[in-house]
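Beneath this line is the structure, given in structure tokens, with notes to follow.
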Amino acid sequence: MASKKSRLHIPRPTARPGEEPDFSYLNLTPAGSVDKPPVNSRTRDIEYLSEDLVRVLDEDHKAVGPWNPTIDPDKLQVALRWMLLNRVFDDRMWQIQRQGRISFYMQAAGEEAVSIAQGMALRPGDMCFPSYRNQGLYMLRGVKLVDMMCQCLSNTRDMCKGRQLPIMYHSKKANIYSISGNLGTQYPNAVGWAMASAIRGEDHIAASWLGDGSTAEADFHHALTFAAVYQAPVILNVVNNQWAISTFQGFAGGERRPFAARGLGLGIPGIRVDGNDLLAVYAVTLWAADRARRGGGPTLIELVTYRGGAHSTSDDPSKYRPKDEWSAFPLGDPIERLKQHLITEGHWSEQKHEALTEELKTEVLAAWKEAQKAGTMTEGPFLDPATMFDDVFAEMPPSLESQRRYMLEIESGE
Amino acid sequence: MASKKSRLHIPRPTARPGEEPDFSYLNLTPAGSVDKPPVNSRTRDIEYLSEDLVRVLDEDHKAVGPWNPTIDPDKLQVALRWMLLNRVFDDRMWQIQRQGRISFYMQAAGEEAVSIAQGMALRPGDMCFPSYRNQGLYMLRGVKLVDMMCQCLSNTRDMCKGRQLPIMYHSKKANIYSISGNLGTQYPNAVGWAMASAIRGEDHIAASWLGDGSTAEADFHHALTFAAVYQAPVILNVVNNQWAISTFQGFAGGERRPFAARGLGLGIPGIRVDGNDLLAVYAVTLWAADRARRGGGPTLIELVTYRGGAHSTSDDPSKYRPKDEWSAFPLGDPIERLKQHLITEGHWSEQKHEALTEELKTEVLAAWKEAQKAGTMTEGPFLDPATMFDDVFAEMPPSLESQRRYMLEIESGE
Amino acid sequence: MAQMNMIEAIRSGLDVVMDKDPGVVILGEDVGYFGGVFRCTDGLQRKYGEHRVIDAPIAEGGIIGAAIGMGVNGLRPVAEIQFADYIYPGFDQVVSELARLRYRSAGEFFSPVTIRTPCGGGIRGGQTHSQSPEAIFAHIAGIKTVMPSNPYDAKGMLISAIESDDPVVFFEPKRIYNGPFDGDPDKPAVPWTSHPKGEVPEGYYTVPLGSAEVVQSGEELTIVTYGTLVHVAQAAAEATGVDAEVIDVRSIFPLDTKTLSNSVRKTGRCLVAHEATRFSGYGAELTARIQKDCFYHLEAPIGRIAGWDTPYPHAFEWQYFPGKKRLAAGIRKVMETQA
Amino acid sequence: MAQMNMIEAIRSGLDVVMDKDPGVVILGEDVGYFGGVFRCTDGLQRKYGEHRVIDAPIAEGGIIGAAIGMGVNGLRPVAEIQFADYIYPGFDQVVSELARLRYRSAGEFFSPVTIRTPCGGGIRGGQTHSQSPEAIFAHIAGIKTVMPSNPYDAKGMLISAIESDDPVVFFEPKRIYNGPFDGDPDKPAVPWTSHPKGEVPEGYYTVPLGSAEVVQSGEELTIVTYGTLVHVAQAAAEATGVDAEVIDVRSIFPLDTKTLSNSVRKTGRCLVAHEATRFSGYGAELTARIQKDCFYHLEAPIGRIAGWDTPYPHAFEWQYFPGKKRLAAGIRKVMETQA
Ligand SMILES: Cc1ncc(C[n+]2csc(CCOP(=O)(O)OP(=O)(O)O)c2C)c(N)n1
Ligand SMILES: Cc1ncc(C[n+]2csc(CCOP(=O)(O)OP(=O)(O)O)c2C)c(N)n1
Ligand SMILES: [Mg+2]
Ligand SMILES: [Mg+2]
């Protein structure tokens, strides 16, 4: 059949293993250069926000321009702490997985500003519908490290009672939804949650996150459509970390227009933001939250960042992208950038940073020690397998009761 | 729960039964006023095409402006004939359903220019993936009226062998795909077809149609994404007839931006065209086809029209929209407009029109007489029920053979 | 008591719960201003407002997905899917969110969504307005699936479904919306007024999920069925003169196995019947279960009558539909077989 | 002959048909440059080019929808769905287009798509990397559904599936990609080199769809199963000392009922086993069918061993998985029961 030459366009990343990283495809506007419009602007008047890149931290680590949220240094130190904690936690858990002590792990390396900045910009009553790379959100909203670790261990203290893969956390108390595993499903759920909030005339908004790759899923479209039709108070975040496992963002349609522009055709404003600039992310999130709370409806935020690590512990990125791509990423590392900003402003130092890192490592290690007390994959205490039949329904139907009995009988036999 | 007032935005049509029709929400640009760009224009340079309305026929029935395709009067008379045939056919079949002689029917009243103009602009080797309101396409591509009627009758000459609801035609010979019944599914199929054509390096393009309401379905998103990613040679048509059964186009997200803008965020150019202006529809379709054939990828065309009749024979639109809305529709009736154009240009007359109408009525009636010979719902000949088991698979598996035997046994019993 | 057809009973059930619980909202295509293509929500938007009876975009995945989020936020959403054949675009939301949410969050989150959807053939709907996909939902751990066969049960079970904290897929056999149907399309239509289950209390009452009903008792054979076929089965039993016990399963999951096995142990013979495609259909589960529970009482193989393993053809609706003839043949076969 | 594990056998099958038929194209997430998350397409893009082994957006509905269109336009697409748990977003395209196209167009159109997808548990995948939804596809008229249990069958059946003009859903039990698995996760992993079916011809051959295989003959009991459990069943039978005949169904639909009934009529006892949720699972169809075909030969109720009617839990994978213990208990139960 292939008598003539194929004309099908096949997206190609700018660099493959062994080649020079090349981020020339990213449209980078200088820090401070993008106007900040009023939150009640008409979508069509602020289309530039979806093309340009909102940035606050400049090359000299100064916070500049109209989007500068002018946050207290104290608060910024707190933000830095959270990002660092996220990084240290991930590093440790990754190691732990490598040692075979948990079955699976996913890290947020390079994307920590997303969860931390956005988590800080939202109110506690706002409901989060995260993806699997938002662990920072849980930390920030008060979920204890040890509880997160116990989830990863599926042990007796596991919030999921052993039912979920590691990192599929949730917290009703912290207003963070549970993770499905099927990509994107949380997006329309967030919109529905926001619709209910609007129906009740409440102030709470919803926020959801998914990756560049996941925008291709149907639920992305459903969420945008419903959010636009009902003007739901929701922030829809696309974390564009350039990769979806082995395929770069061009395979999700990112070659021609930024993801931030995806809602424009429905009248949903989009903001493209430097996802590694905590100040910028914080500022745009506040803007979108404010807009939503005032009845302005949904905003789509594209967070331009880079997946610093492997997709998951099951992945080997050296097979499909240059090893040094992360270090070549022009938007750098969100932790490093905030650190340098604070140092430049005289509110931080390398020494403090090192001390903090050590402190957090100790904290994480202590949590790990405590978590193991509630059981590991190989050592008890173990969760009671009989609990496997709980929570399928509000009340256990007779058929599950009898399966449970049978299971216990068999497990106790031989 | 409803202590406070709901803030949810609920789209509302401009008029409900008993109210004055109001089409002020339509953005109508004057005929001839929209620039015609080269087919290799960059999407971002031609965004205006998705906001404005491409029109050729002006208030005085003259063909004006850069999009005027300057078609031979002969060819226009042929086009008029097809549109009229479509109308006359629909009228007759509607009556026939009302008399209980077929189970169901859907008409294209008011939208005939879509199928006829687009069908004429495409080449025979281009593949069509229609919705259920594209009956004009089949006529134009040579499917006989009697064969369409036999389909509606599910009789012994039915191309579908009795398996489909009336109007769910198909024709392999005419390069028109089969209709699913589930909305929108044909859209990604069309993109896949076009991808295959591109892979083989062929010139053929695909075209697909769906309604304003159906744009909310997942398959709309899938089709746009795949078409954008692979730059598939496909024309994606949204027939915006203002209504989706009882809900107006605002419930599909049409309140803020035209449907033509839906692909912009993926880099797909959109053209908003006066769907009742045969010349304009023809011109934009040629443009998009040319673009696709030259490797320019997909185009989204929004055809602004009005569903003149009920959604289907099961529907009663007087329950949800003003009775006289169609007559108030500012883009009029596509048949009337082309007729007036031809008359104005001296190529047609009321007399000729009346004679043609009579001729077509006779043609349709003759076809109906012939169709009935192959069986009706109540009178034979009847299709053999044993054929119900054919074509589930390429070859009948043993289980179906045995079910068929059993069915015949039972049907012959008692 | 009032006389209601199934549409009126469903509407009344919705009305009663909406009145009782301001958290109940309805979401679906054409459900609002228009009142639904089958009129099940007619008048409810006028009564409860546009913010509680909400017209939705044509996106079943979006409808179910948004309903789930509403449920998580404390509402009690009733989503209408216009035809059961159109539920597939929302299937991932049903399986991966609705059915799993409570389990995966160890009970912290749940969403009490009820999905109402008309199913089944017999209205000349062709292959995409006639399907009965209950077996597929029965297989999904974490949702309840039910199908009433008359106005009384429809209202009572719908109220139970909406008030349940579990997600429920509620199938409505559309062929019997307006009257019971004995399987003979040539006979004049019979209204629900002629049937005792057409008498429906106007106010609040419930019929519990998870219980089957013996709609006709008999000694020679048990017919296990649900939906439209409940009525066809009775007619077929009468036609054969067999003293059949007819059981209306009603609740696809949870299944009331006790009522089934009590009956089959008594009669020693069993015929299972449904409209859906036979292969891997719900009748297989019923059969498998009954052969286990009643093995030593069975005098003949359990018969299975169902739709053929083909799509639902427009022209051959009545050859496809398991009507009186086919059920009667099934009954005779089970009766003739010697133990 | 070569030694291949199941991944290599699948890859070899793809290679052989791609080489033979230039119309064969592969489409899926990460299948191209990377070669698939399970490496089943590794090297094929390098060999056949980016235009025949195509990385796709993450949209299962789009992948299947586009594949259908390609098939209509004369190609022979093989779509990979990364995990069977992720097939649901594409379910409407499978049911409403792929399965129905030939039927509704009276044979004028068809699309010979093969959907490959890894299924089943045992790899600590938790609730969304462990599902076995074969029963759902078995119920859809118009598609074939198969699940091989070893490298030899995998390659031969995959070639048959791709060459078939019918759509096929091809389930790959991922737990046995690298070696047969007897159900004991604590034992060291065994490679396919230790198994006769790990010997796979390098070239073209086919294993027909629609035929089951007796993988072990016996006289006392028939175990009917497929996928990973074929191996577990053999181990369990050995553990109990029962002289069991083990049948690998292989083809979920069409089902080779002859091989099943021949065996059960001989042994008089039967145990059906699968990994998927039990309720309304495929085991119900097997059971219902066997009770009908072999009623007068059965000396005990047919046993059914399956996954519990819960989602697949991460921590209790081995209590959920129908392992050796559970199968052995099932065998004993069927054996102990007196006729
Ligand atoms: C419905 C579905 N399809 C496929 C997958 C497998 N999968 C898991 S993560 C992933 C890549 C997602 O990429 P992206 O959305 O960019 O998020 P990132 O991992 O980069 O944060 C894929 C394909 C899945 N989990 N669910
Ligand atoms: C998946 C699916 N959902 C719902 C329906 C029921 N339905 C048939 S036509 C229709 C309205 C479609 O409106 P639109 O797309 O605007 O097309 P139009 O009828 O106006 O041409 C609906 C809701 C369907 N056929 N398929
Ligand atoms: Mg990504
Ligand atoms: Mg419409």
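By order in the structure tokens, chains are A, B, ...; within a chain, residues start at 1; ligands start at 1, following the order shown.
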Exercise answer, 9 Å around ligand 2 with only C-alpha atoms and all ligand atoms, as an MDAnalysis selection string:
(chainID B and resid 106 108 131:133 180:185 210:217 238:249 252 306:307 311:312) or (chainID C and resid 29:30 57:60 81:83 85:89 128:129) or (chainID D and resid 92)
Write out as JSON, numbers by chain the set of residues from region 63-311 of chain D that DSSP, computed on the backbone, places in helix (DSSP H, G or I).
{"D": [63, 64, 65, 66, 67, 68, 69, 70, 71, 72, 84, 85, 86, 88, 89, 90, 91, 92, 93, 94, 95, 96, 97, 98, 101, 102, 103, 104, 126, 127, 128, 134, 135, 136, 137, 138, 151, 152, 153, 154, 155, 156, 157, 158, 159, 160, 161, 162, 163, 174, 175, 176, 192, 193, 194, 196, 197, 198, 229, 230, 231, 232, 233, 234, 235, 236, 237, 238, 239, 240, 257, 258, 259, 260, 261, 262, 263, 264, 265, 266, 267, 282, 283, 284, 285, 286, 287, 288, 289, 290, 291, 292, 293, 295, 296, 297]}
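For the pair CA of Ala189 (chain D) and CA of Glu317 (chain D), the separation is 16.9 Å.
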Near Pro69 (chain B), counting only C-alpha atoms, which residues have an atom at most 8 Å away, once you skip same-chain residues fewer than 6 positions from it, shown as an mmCIF file with N, CA and C atoms, in the first residue's frame?
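Produced file part35.cif, reproduced below:
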```cif
data_model
loop_
_atom_site.group_PDB
_atom_site.id
_atom_site.type_symbol
_atom_site.label_atom_id
_atom_site.label_comp_id
_atom_site.auth_asym_id
_atom_site.auth_seq_id
_atom_site.Cartn_x
_atom_site.Cartn_y
_atom_site.Cartn_z
ATOM 1 N N LEU B 279 -23.807 29.177 -2.245
ATOM 2 C CA LEU B 279 -22.552 29.616 -2.862
ATOM 3 C C LEU B 279 -21.444 29.740 -1.828
ATOM 4 N N ALA B 280 -21.806 30.282 -0.681
ATOM 5 C CA ALA B 280 -20.808 30.457 0.379
ATOM 6 C C ALA B 280 -20.344 29.105 0.903
ATOM 7 N N TYR B 282 -20.405 26.275 -0.618
ATOM 8 C CA TYR B 282 -19.601 25.643 -1.660
ATOM 9 C C TYR B 282 -18.172 26.197 -1.635
ATOM 10 N N ALA B 283 -18.074 27.493 -1.527
ATOM 11 C CA ALA B 283 -16.755 28.144 -1.590
ATOM 12 C C ALA B 283 -15.877 27.763 -0.404
#
```
Could you list the residues in chain B lying within 9 Å of chain D, using only C-alpha atoms, and format the result as a ChimeraX atom specification?
/B:159-164,168-172,177-182,185-197,199,218-219,221-223,225-226,229,388-395,397-399
Quick one: residues within 6 Å of Arg200 (chain B), only C-alpha atoms, excluding same-chain residues fewer than 2 positions away - as a list in words?
Ala2 and Ser6 of chain A; Ser197, Ala198 and Glu202 of chain B
Please, which residues of region 76-251 of chain B, numbered as in this document, come out strand (DSSP E) from DSSP, as a PyMOL selection string?
chain B and resi 127-129+206-211+234-240+243-244+247-248
